[in-house]
file upload-v6.pdb (PDB, C-alpha atoms)
MODEL        1
ATOM      1  CA  MET A 283       9.573   6.604  13.395
ATOM      2  CA  LYS A 284       8.734   9.509  11.143
ATOM      3  CA  LEU A 285       6.568   8.178   8.330
ATOM      4  CA  VAL A 286       5.058   9.785   5.259
ATOM      5  CA  LEU A 287       1.755   8.287   4.129
ATOM      6  CA  PHE A 288       0.458   8.941   0.636
ATOM      7  CA  GLY A 289      -3.267   8.277   0.319
ATOM      8  CA  ALA A 290      -4.368   8.512   3.942
ATOM      9  CA  THR A 291      -7.985   9.308   3.062
ATOM     10  CA  GLY A 292      -8.883   5.931   1.538
ATOM     11  CA  HIS A 293     -10.273   3.033   3.554
ATOM     12  CA  ILE A 294      -6.946   1.207   3.718
ATOM     13  CA  GLY A 295      -4.987   4.432   4.113
ATOM     14  CA  GLN A 296      -7.115   5.405   7.095
ATOM     15  CA  GLY A 297      -6.490   2.014   8.645
ATOM     16  CA  ILE A 298      -2.743   2.393   8.194
ATOM     17  CA  LEU A 299      -2.879   5.912   9.636
ATOM     18  CA  ASP A 300      -4.782   4.751  12.719
ATOM     19  CA  GLU A 301      -2.343   1.891  13.333
ATOM     20  CA  ALA A 302       0.737   4.067  12.821
ATOM     21  CA  LEU A 303      -0.491   6.683  15.286
ATOM     22  CA  ALA A 304      -1.483   4.013  17.800
ATOM     23  CA  ARG A 305       2.103   2.703  17.651
ATOM     24  CA  GLY A 306       3.497   6.128  18.475
ATOM     25  CA  HIS A 307       4.842   7.037  15.036
ATOM     26  CA  GLU A 308       4.858  10.563  13.676
ATOM     27  CA  VAL A 309       2.921  10.640  10.416
ATOM     28  CA  LEU A 310       2.939  13.176   7.624
ATOM     29  CA  ALA A 311      -0.149  12.499   5.509
ATOM     30  CA  VAL A 312       0.034  13.655   1.892
ATOM     31  CA  VAL A 313      -3.503  14.011   0.531
ATOM     32  CA  ARG A 314      -5.215  15.806  -2.317
ATOM     33  CA  ASP A 315      -8.243  16.823  -0.260
ATOM     34  CA  ALA A 316      -7.529  17.557   3.396
ATOM     35  CA  SER A 317     -11.252  17.909   4.133
ATOM     36  CA  ARG A 318     -11.545  14.119   3.701
ATOM     37  CA  LEU A 319      -9.184  13.597   6.638
ATOM     38  CA  PRO A 320     -11.063  14.993   9.634
ATOM     39  CA  GLN A 321      -8.857  13.186  12.134
ATOM     40  CA  ARG A 322      -6.424  15.425  13.965
ATOM     41  CA  HIS A 323      -3.641  14.236  16.238
ATOM     42  CA  ASP A 324      -0.571  15.820  17.796
ATOM     43  CA  ARG A 325       1.656  13.397  15.868
ATOM     44  CA  LEU A 326      -0.153  13.920  12.551
ATOM     45  CA  THR A 327       0.752  16.564   9.989
ATOM     46  CA  VAL A 328      -1.425  16.926   6.890
ATOM     47  CA  VAL A 329      -0.027  18.233   3.612
ATOM     48  CA  THR A 330      -2.245  18.951   0.619
ATOM     49  CA  ALA A 331      -0.400  17.783  -2.487
ATOM     50  CA  ASP A 332      -0.680  15.526  -5.536
ATOM     51  CA  VAL A 333       1.594  12.478  -5.658
ATOM     52  CA  ALA A 334       1.842  12.916  -9.435
ATOM     53  CA  GLN A 335       3.352  16.378  -8.894
ATOM     54  CA  PRO A 336       6.479  15.755  -6.811
ATOM     55  CA  ALA A 337       7.292  19.448  -6.568
ATOM     56  CA  SER A 338       4.168  19.753  -4.401
ATOM     57  CA  TRP A 339       5.431  17.346  -1.721
ATOM     58  CA  THR A 340       9.191  16.746  -1.968
ATOM     59  CA  ASP A 341      10.206  19.495   0.456
ATOM     60  CA  ALA A 342       7.434  18.650   2.914
ATOM     61  CA  VAL A 343       8.434  14.991   3.336
ATOM     62  CA  ARG A 344      12.130  15.574   4.029
ATOM     63  CA  GLY A 345      13.172  14.032   7.299
ATOM     64  CA  SER A 346      10.793  11.079   7.062
ATOM     65  CA  GLU A 347      12.368   7.659   7.571
ATOM     66  CA  ALA A 348      10.061   5.658   5.328
ATOM     67  CA  ALA A 349       7.155   6.165   2.951
ATOM     68  CA  ILE A 350       3.909   4.228   2.660
ATOM     69  CA  ALA A 351       1.698   4.540  -0.414
ATOM     70  CA  SER A 352      -1.968   3.540  -0.398
ATOM     71  CA  LEU A 353      -2.979   4.820  -3.803
ATOM     72  CA  SER A 354      -5.742   3.850  -6.179
ATOM     73  CA  ALA A 355      -7.472   5.430  -9.142
ATOM     74  CA  ARG A 356     -11.066   4.661  -8.224
ATOM     75  CA  ARG A 357     -12.075   8.271  -7.762
ATOM     76  CA  ASP A 358     -10.422   9.200 -11.077
ATOM     77  CA  GLN A 359     -11.795   6.163 -12.918
ATOM     78  CA  ASP A 360      -8.392   5.840 -14.591
ATOM     79  CA  ALA A 361      -6.529   2.847 -13.201
ATOM     80  CA  SER A 362      -3.665   3.369 -15.636
ATOM     81  CA  ARG A 363      -2.363   6.086 -13.292
ATOM     82  CA  VAL A 364      -1.374   3.577 -10.611
ATOM     83  CA  PRO A 365       1.977   2.357 -12.033
ATOM     84  CA  GLY A 366       2.924   5.967 -12.741
ATOM     85  CA  TYR A 367       2.342   6.890  -9.121
ATOM     86  CA  GLY A 368       4.787   4.179  -8.095
ATOM     87  CA  ARG A 369       7.372   5.268 -10.634
ATOM     88  CA  THR A 370       7.103   8.880  -9.480
ATOM     89  CA  LEU A 371       7.725   7.857  -5.886
ATOM     90  CA  LEU A 372      10.741   5.724  -6.797
ATOM     91  CA  ASP A 373      12.179   8.580  -8.846
ATOM     92  CA  HIS A 374      11.648  11.382  -6.341
ATOM     93  CA  LEU A 375      11.731   9.929  -2.813
ATOM     94  CA  PRO A 376      15.539   9.652  -2.822
ATOM     95  CA  GLY A 377      15.786  13.374  -3.514
ATOM     96  CA  ALA A 378      13.895  13.903  -0.253
ATOM     97  CA  GLY A 379      16.238  11.542   1.593
ATOM     98  CA  ILE A 380      13.781   8.612   1.733
ATOM     99  CA  THR A 381      14.932   5.193   0.535
ATOM    100  CA  ARG A 382      12.225   2.891   1.923
ATOM    101  CA  LEU A 383       8.744   2.473   0.441
ATOM    102  CA  ALA A 384       5.878   0.169   1.405
ATOM    103  CA  TRP A 385       3.273  -0.101  -1.364
ATOM    104  CA  VAL A 386      -0.334  -1.185  -0.816
ATOM    105  CA  GLY A 387      -0.672  -3.641  -3.676
ATOM    106  CA  GLY A 388      -3.410  -5.774  -5.150
ATOM    107  CA  ALA A 389      -4.273  -9.456  -4.883
ATOM    108  CA  GLY A 390      -5.117  -9.976  -8.561
ATOM    109  CA  THR A 391      -1.695 -11.237  -9.596
ATOM    110  CA  LEU A 392      -1.344 -13.767  -6.776
ATOM    111  CA  GLU A 393      -1.293 -17.373  -7.957
ATOM    112  CA  VAL A 394      -4.132 -19.752  -7.149
ATOM    113  CA  ALA A 395      -2.445 -22.575  -9.079
ATOM    114  CA  PRO A 396       0.760 -22.830 -11.106
ATOM    115  CA  GLY A 397       0.458 -20.316 -13.933
ATOM    116  CA  ARG A 398      -3.046 -19.195 -12.911
ATOM    117  CA  ARG A 399      -3.689 -15.943 -11.083
ATOM    118  CA  VAL A 400      -6.672 -14.601  -9.155
ATOM    119  CA  ILE A 401      -7.439 -12.210 -12.005
ATOM    120  CA  ASP A 402      -7.582 -15.110 -14.500
ATOM    121  CA  ASP A 403     -10.714 -16.553 -12.881
ATOM    122  CA  PRO A 404     -13.704 -16.133 -15.248
ATOM    123  CA  ASP A 405     -15.757 -14.979 -12.253
ATOM    124  CA  PHE A 406     -13.327 -12.196 -11.327
ATOM    125  CA  PRO A 407     -15.492  -9.024 -11.172
ATOM    126  CA  ALA A 408     -15.125  -6.994 -14.354
ATOM    127  CA  ALA A 409     -15.344  -3.738 -12.409
ATOM    128  CA  TRP A 410     -12.216  -4.656 -10.448
ATOM    129  CA  LYS A 411     -10.150  -5.796 -13.414
ATOM    130  CA  PRO A 412      -8.698  -2.443 -14.582
ATOM    131  CA  GLU A 413      -7.226  -1.674 -11.189
ATOM    132  CA  ALA A 414      -6.051  -5.260 -10.683
ATOM    133  CA  GLU A 415      -4.251  -5.128 -14.020
ATOM    134  CA  ALA A 416      -2.757  -1.736 -13.185
ATOM    135  CA  GLN A 417      -1.506  -3.089  -9.862
ATOM    136  CA  GLY A 418       0.082  -5.947 -11.799
ATOM    137  CA  GLU A 419       1.857  -3.412 -13.992
ATOM    138  CA  ALA A 420       3.017  -1.582 -10.877
ATOM    139  CA  LEU A 421       4.454  -4.813  -9.470
ATOM    140  CA  ALA A 422       6.341  -5.454 -12.710
ATOM    141  CA  MET A 423       7.661  -1.899 -12.588
ATOM    142  CA  PHE A 424       8.918  -2.366  -9.017
ATOM    143  CA  ARG A 425      10.622  -5.632  -9.932
ATOM    144  CA  ALA A 426      12.404  -4.007 -12.869
ATOM    145  CA  TYR A 427      13.551  -1.052 -10.763
ATOM    146  CA  ARG A 428      17.252  -0.690 -10.080
ATOM    147  CA  GLY A 429      17.788   2.199  -7.716
ATOM    148  CA  PRO A 430      18.333   3.207  -4.104
ATOM    149  CA  VAL A 431      14.769   2.759  -2.816
ATOM    150  CA  GLU A 432      14.044  -0.486  -0.972
ATOM    151  CA  TRP A 433      10.425  -1.270  -1.824
ATOM    152  CA  THR A 434       7.957  -3.779  -0.413
ATOM    153  CA  TYR A 435       4.757  -4.593  -2.307
ATOM    154  CA  VAL A 436       2.130  -5.849   0.156
ATOM    155  CA  SER A 437      -0.742  -7.782  -1.415
ATOM    156  CA  PRO A 438      -3.831  -8.348   0.716
ATOM    157  CA  ALA A 439      -5.995 -11.438   0.757
ATOM    158  CA  ALA A 440      -8.653 -11.773  -1.938
ATOM    159  CA  LEU A 441     -11.095  -9.914   0.310
ATOM    160  CA  ILE A 442     -10.007  -6.963   2.425
ATOM    161  CA  GLU A 443     -12.688  -5.118   4.352
ATOM    162  CA  PRO A 444     -13.376  -3.343   7.650
ATOM    163  CA  GLY A 445     -13.276  -5.673  10.611
ATOM    164  CA  GLU A 446     -11.712  -6.576  13.921
ATOM    165  CA  ARG A 447      -8.079  -5.884  14.693
ATOM    166  CA  THR A 448      -6.817  -9.215  15.999
ATOM    167  CA  GLY A 449      -3.149  -8.322  15.652
ATOM    168  CA  THR A 450      -2.450 -11.703  14.048
ATOM    169  CA  TYR A 451      -2.002 -12.615  10.415
ATOM    170  CA  ARG A 452      -0.296 -15.064   8.061
ATOM    171  CA  LEU A 453       2.504 -14.073   5.705
ATOM    172  CA  GLY A 454       2.995 -15.489   2.225
ATOM    173  CA  GLY A 455       4.726 -14.815  -1.040
ATOM    174  CA  GLU A 456       3.392 -15.301  -4.551
ATOM    175  CA  GLN A 457       0.448 -17.595  -3.765
ATOM    176  CA  LEU A 458      -2.968 -16.520  -2.529
ATOM    177  CA  LEU A 459      -3.393 -17.455   1.118
ATOM    178  CA  VAL A 460      -6.613 -19.331   1.900
ATOM    179  CA  ASP A 461      -7.959 -20.857   5.084
ATOM    180  CA  ALA A 462      -9.173 -24.405   5.658
ATOM    181  CA  GLU A 463     -12.536 -23.519   4.128
ATOM    182  CA  GLY A 464     -10.973 -22.018   1.020
ATOM    183  CA  SER A 465     -11.642 -18.406   2.005
ATOM    184  CA  SER A 466      -9.081 -15.642   1.610
ATOM    185  CA  ARG A 467      -9.681 -12.537   3.651
ATOM    186  CA  ILE A 468      -8.126 -10.001   5.984
ATOM    187  CA  SER A 469      -9.470  -7.026   7.881
ATOM    188  CA  ILE A 470      -8.110  -3.593   7.004
ATOM    189  CA  ALA A 471      -6.916  -3.296  10.606
ATOM    190  CA  ASP A 472      -4.887  -6.511  10.469
ATOM    191  CA  TYR A 473      -3.522  -5.600   7.029
ATOM    192  CA  ALA A 474      -2.262  -2.356   8.570
ATOM    193  CA  VAL A 475      -0.640  -4.315  11.390
ATOM    194  CA  ALA A 476       1.178  -6.557   8.907
ATOM    195  CA  LEU A 477       2.329  -3.685   6.702
ATOM    196  CA  LEU A 478       3.643  -1.603   9.588
ATOM    197  CA  ASP A 479       5.417  -4.636  11.028
ATOM    198  CA  ARG A 480       7.315  -4.864   7.725
ATOM    199  CA  VAL A 481       8.176  -1.165   7.837
ATOM    200  CA  GLU A 482       9.451  -1.403  11.404
ATOM    201  CA  ARG A 483      11.365  -4.656  10.935
ATOM    202  CA  CYS A 484      12.756  -3.947   7.442
ATOM    203  CA  ASP A 485      12.372  -7.652   6.653
ATOM    204  CA  ALA A 486      10.811  -7.717   3.177
ATOM    205  CA  ALA A 487      12.952  -5.449   1.015
ATOM    206  CA  ASN A 488      12.538  -5.568  -2.745
ATOM    207  CA  ARG A 489       9.891  -8.264  -2.887
ATOM    208  CA  ARG A 490       6.160  -8.856  -2.932
ATOM    209  CA  ILE A 491       4.529 -10.434   0.070
ATOM    210  CA  THR A 492       0.915 -11.252   0.841
ATOM    211  CA  VAL A 493      -0.971 -11.260   4.119
ATOM    212  CA  ALA A 494      -4.199 -12.898   5.270
ATOM    213  CA  ASP A 495      -6.018 -13.616   8.512
TER     214      ASP A 495
ENDMDL
END
call {"tool": "encode", "arguments": {"input": "upload-v6.pdb", "output": "structure tokens"}}
result
Amino acid sequence: MKLVLFGATGHIGQGILDEALARGHEVLAVVRDASRLPQRHDRLTVVTADVAQPASWTDAVRGSEAAIASLSARRDQDASRVPGYGRTLLDHLPGAGITRLAWVGGAGTLEVAPGRRVIDDPDFPAAWKPEAEAQGEALAMFRAYRGPVEWTYVSPAALIEPGERTGTYRLGGEQLLVDAEGSSRISIADYAVALLDRVERCDAANRRITVAD
């Protein structure tokens, strides 16, 4: 497949890029700072552009079959940008002929009990809350969207970090997935496996899913 990846320089974005290339996909990486993407590959094309400025990338991504967005606002320290990034993609991807989008979402709005979310825990780290709330706003925006793009919002486990690629994972919906010991985690590599499986299989259109080891 020909894929366009927005945000390939982040930790999760790099993991998705590595997995996509390993599967034989052609990837067009849209990044703001190409110097942060030292990896070069014969099936990788790097475009310097800003997702918030669609005129900078619309022409470049034409011909791609699906888009993946791994976007955060941590470098900008302005999490409120996140829902706007999603809205911009929904508005402008169809003009480039792309009607499928996989979004790297957050775990904060997953339920741990009826009516109680991860982010509602008093011990939820304050430093993470702005982005978790912004990701919740992005999810609401996707759910309210009525247009041609088939989106999939992929929430990770409570903890996502570098680790082994096992190639196995569990799929869920609105509830946080935990193991027998009450832990909720997934490696970036296995998250990438799960996300790209959804892109290839087209089996989670217009809904939020969650994945965990």
call {"tool": "closest_residue", "arguments": {"input": "upload-v6.pdb", "among": "A:Arg322, A:Arg369, A:Arg344, A:Arg490", "to": "Met423 (chain A)", "atoms": "all atoms listed in the file"}}
result
A:Arg369
call {"tool": "residues_around", "arguments": {"input": "upload-v6.pdb", "residues": "Pro336 (chain A)", "least_positions_apart": "4", "cutoff": "10 Å", "atoms": "all atoms listed in the file", "output": "JSON, numbers by chain"}}
result
{"A": [331, 332, 340, 341, 370, 371, 373, 374, 375]}
call {"tool": "write_last_selection", "arguments": {"input": "upload-v6.pdb", "atoms": "C-alpha atoms", "output": "PDB file, in the coordinates of the input"}}
result
ATOM      1  CA  ALA A 331      -0.400  17.783  -2.487  1.00  0.00           C
ATOM      2  CA  ASP A 332      -0.680  15.526  -5.536  1.00  0.00           C
ATOM      3  CA  THR A 340       9.191  16.746  -1.968  1.00  0.00           C
ATOM      4  CA  ASP A 341      10.206  19.495   0.456  1.00  0.00           C
ATOM      5  CA  THR A 370       7.103   8.880  -9.480  1.00  0.00           C
ATOM      6  CA  LEU A 371       7.725   7.857  -5.886  1.00  0.00           C
ATOM      7  CA  ASP A 373      12.179   8.580  -8.846  1.00  0.00           C
ATOM      8  CA  HIS A 374      11.648  11.382  -6.341  1.00  0.00           C
ATOM      9  CA  LEU A 375      11.731   9.929  -2.813  1.00  0.00           C
TER      10      LEU A 375
END
call {"tool": "atom_distance", "arguments": {"input": "upload-v6.pdb", "atom1": "CA of Ala311 (chain A)", "atom2": "CA of Ser469 (chain A)"}}
result
21.8 Å
call {"tool": "residues_near_point", "arguments": {"input": "upload-v6.pdb", "point": "(-3.5, 8.2, -3.0)", "cutoff": "9 Å", "atoms": "all atoms listed in the file", "output": "JSON, numbers by chain"}}
result
{"A": [287, 288, 289, 290, 291, 292, 295, 312, 313, 314, 332, 333, 351, 352, 353, 354, 355, 367]}
call {"tool": "write_last_selection", "arguments": {"input": "upload-v6.pdb", "atoms": "C-alpha atoms", "output": "JSON list (two decimals), in the frame of the given file"}}
result
[["chain", "number", "residue", "atom", "x", "y", "z"],
["A", 287, "LEU", "CA", 1.76, 8.29, 4.13],
["A", 288, "PHE", "CA", 0.46, 8.94, 0.64],
["A", 289, "GLY", "CA", -3.27, 8.28, 0.32],
["A", 290, "ALA", "CA", -4.37, 8.51, 3.94],
["A", 291, "THR", "CA", -7.98, 9.31, 3.06],
["A", 292, "GLY", "CA", -8.88, 5.93, 1.54],
["A", 295, "GLY", "CA", -4.99, 4.43, 4.11],
["A", 312, "VAL", "CA", 0.03, 13.66, 1.89],
["A", 313, "VAL", "CA", -3.50, 14.01, 0.53],
["A", 314, "ARG", "CA", -5.22, 15.81, -2.32],
["A", 332, "ASP", "CA", -0.68, 15.53, -5.54],
["A", 333, "VAL", "CA", 1.59, 12.48, -5.66],
["A", 351, "ALA", "CA", 1.70, 4.54, -0.41],
["A", 352, "SER", "CA", -1.97, 3.54, -0.40],
["A", 353, "LEU", "CA", -2.98, 4.82, -3.80],
["A", 354, "SER", "CA", -5.74, 3.85, -6.18],
["A", 355, "ALA", "CA", -7.47, 5.43, -9.14],
["A", 367, "TYR", "CA", 2.34, 6.89, -9.12]]
call {"tool": "closest_residue", "arguments": {"input": "upload-v6.pdb", "among": "A:Ala414, A:Leu319, A:Ala440, A:Val481", "to": "Asp300 (chain A)", "atoms": "only C-alpha atoms"}}
result
A:Leu319
call {"tool": "resolve_selection", "arguments": {"input": "upload-v6.pdb", "expression": "the PyMOL selection byres ((chain A and resi 306) around 12)", "output": "PyMOL selection string"}}
result
chain A and resi 283-285+299-305+307-309+323-326+478+482
call {"tool": "closest_residue", "arguments": {"input": "upload-v6.pdb", "among": "A:Ser346, A:Gln457, A:Gln335, A:Thr434", "to": "Leu383 (chain A)", "atoms": "all atoms listed in the file"}}
result
A:Thr434
call {"tool": "resolve_selection", "arguments": {"input": "upload-v6.pdb", "expression": "the PyMOL selection byres ((chain A and resi 393-396) around 10)", "output": "PDB file with C-alpha atoms, in the frame of the given file"}}
result
ATOM      1  CA  ALA A 389      -4.273  -9.456  -4.883  1.00  0.00           C
ATOM      2  CA  GLY A 390      -5.117  -9.976  -8.561  1.00  0.00           C
ATOM      3  CA  THR A 391      -1.695 -11.237  -9.596  1.00  0.00           C
ATOM      4  CA  LEU A 392      -1.344 -13.767  -6.776  1.00  0.00           C
ATOM      5  CA  GLY A 397       0.458 -20.316 -13.933  1.00  0.00           C
ATOM      6  CA  ARG A 398      -3.046 -19.195 -12.911  1.00  0.00           C
ATOM      7  CA  ARG A 399      -3.689 -15.943 -11.083  1.00  0.00           C
ATOM      8  CA  VAL A 400      -6.672 -14.601  -9.155  1.00  0.00           C
ATOM      9  CA  ILE A 401      -7.439 -12.210 -12.005  1.00  0.00           C
ATOM     10  CA  ASP A 402      -7.582 -15.110 -14.500  1.00  0.00           C
ATOM     11  CA  ASP A 403     -10.714 -16.553 -12.881  1.00  0.00           C
ATOM     12  CA  GLY A 455       4.726 -14.815  -1.040  1.00  0.00           C
ATOM     13  CA  GLU A 456       3.392 -15.301  -4.551  1.00  0.00           C
ATOM     14  CA  GLN A 457       0.448 -17.595  -3.765  1.00  0.00           C
ATOM     15  CA  LEU A 458      -2.968 -16.520  -2.529  1.00  0.00           C
ATOM     16  CA  LEU A 459      -3.393 -17.455   1.118  1.00  0.00           C
ATOM     17  CA  VAL A 460      -6.613 -19.331   1.900  1.00  0.00           C
TER      18      VAL A 460
END
call {"tool": "resolve_selection", "arguments": {"input": "upload-v6.pdb", "expression": "the PyMOL selection byres ((chain A and resi 492) around 6)", "output": "number ranges by chain"}}
result
A: 436-438, 453-455, 491, 493
call {"tool": "residues_near_point", "arguments": {"input": "upload-v6.pdb", "point": "(11.1, 11.9, 4.9)", "cutoff": "7 Å", "atoms": "only C-alpha atoms", "output": "list in words"}}
result
Leu285, Val286, Val343, Arg344, Gly345, Ser346, Glu347, Ala348, Ala378, Gly379 and Ile380 of chain A
call {"tool": "closest_residue", "arguments": {"input": "upload-v6.pdb", "among": "A:Ser362, A:Ser317, A:Asn488, A:Ser466", "to": "Glu432 (chain A)", "atoms": "all atoms listed in the file"}}
result
A:Asn488
call {"tool": "residues_around", "arguments": {"input": "upload-v6.pdb", "residues": "Pro430 (chain A)", "least_positions_apart": "5", "cutoff": "9 Å", "atoms": "all atoms listed in the file", "output": "number ranges by chain"}}
result
A: 372, 376, 381-382
call {"tool": "atom_distance", "arguments": {"input": "upload-v6.pdb", "atom1": "CA of Pro365 (chain A)", "atom2": "CA of Ile294 (chain A)"}}
result
18.1 Å
call {"tool": "residues_around", "arguments": {"input": "upload-v6.pdb", "residues": "Arg425 (chain A)", "least_positions_apart": "2", "cutoff": "10 Å", "atoms": "all atoms listed in the file", "output": "list of chain:residue names"}}
result
A:Glu419, A:Ala420, A:Leu421, A:Ala422, A:Met423, A:Tyr427, A:Arg428, A:Trp433, A:Tyr435, A:Asn488, A:Arg489, A:Arg490
call {"tool": "residues_around", "arguments": {"input": "upload-v6.pdb", "residues": "Glu446 (chain A)", "least_positions_apart": "4", "cutoff": "9 Å", "atoms": "only C-alpha atoms", "output": "ChimeraX atom specification"}}
result
/A:469-472
call {"tool": "closest_residue", "arguments": {"input": "upload-v6.pdb", "among": "A:Ala342, A:Ser465, A:Gln417, A:Ala494", "to": "Thr448 (chain A)", "atoms": "only C-alpha atoms"}}
result
A:Ala494
call {"tool": "atom_distance", "arguments": {"input": "upload-v6.pdb", "atom1": "CA of His293 (chain A)", "atom2": "CA of Tyr473 (chain A)"}}
result
11.5 Å
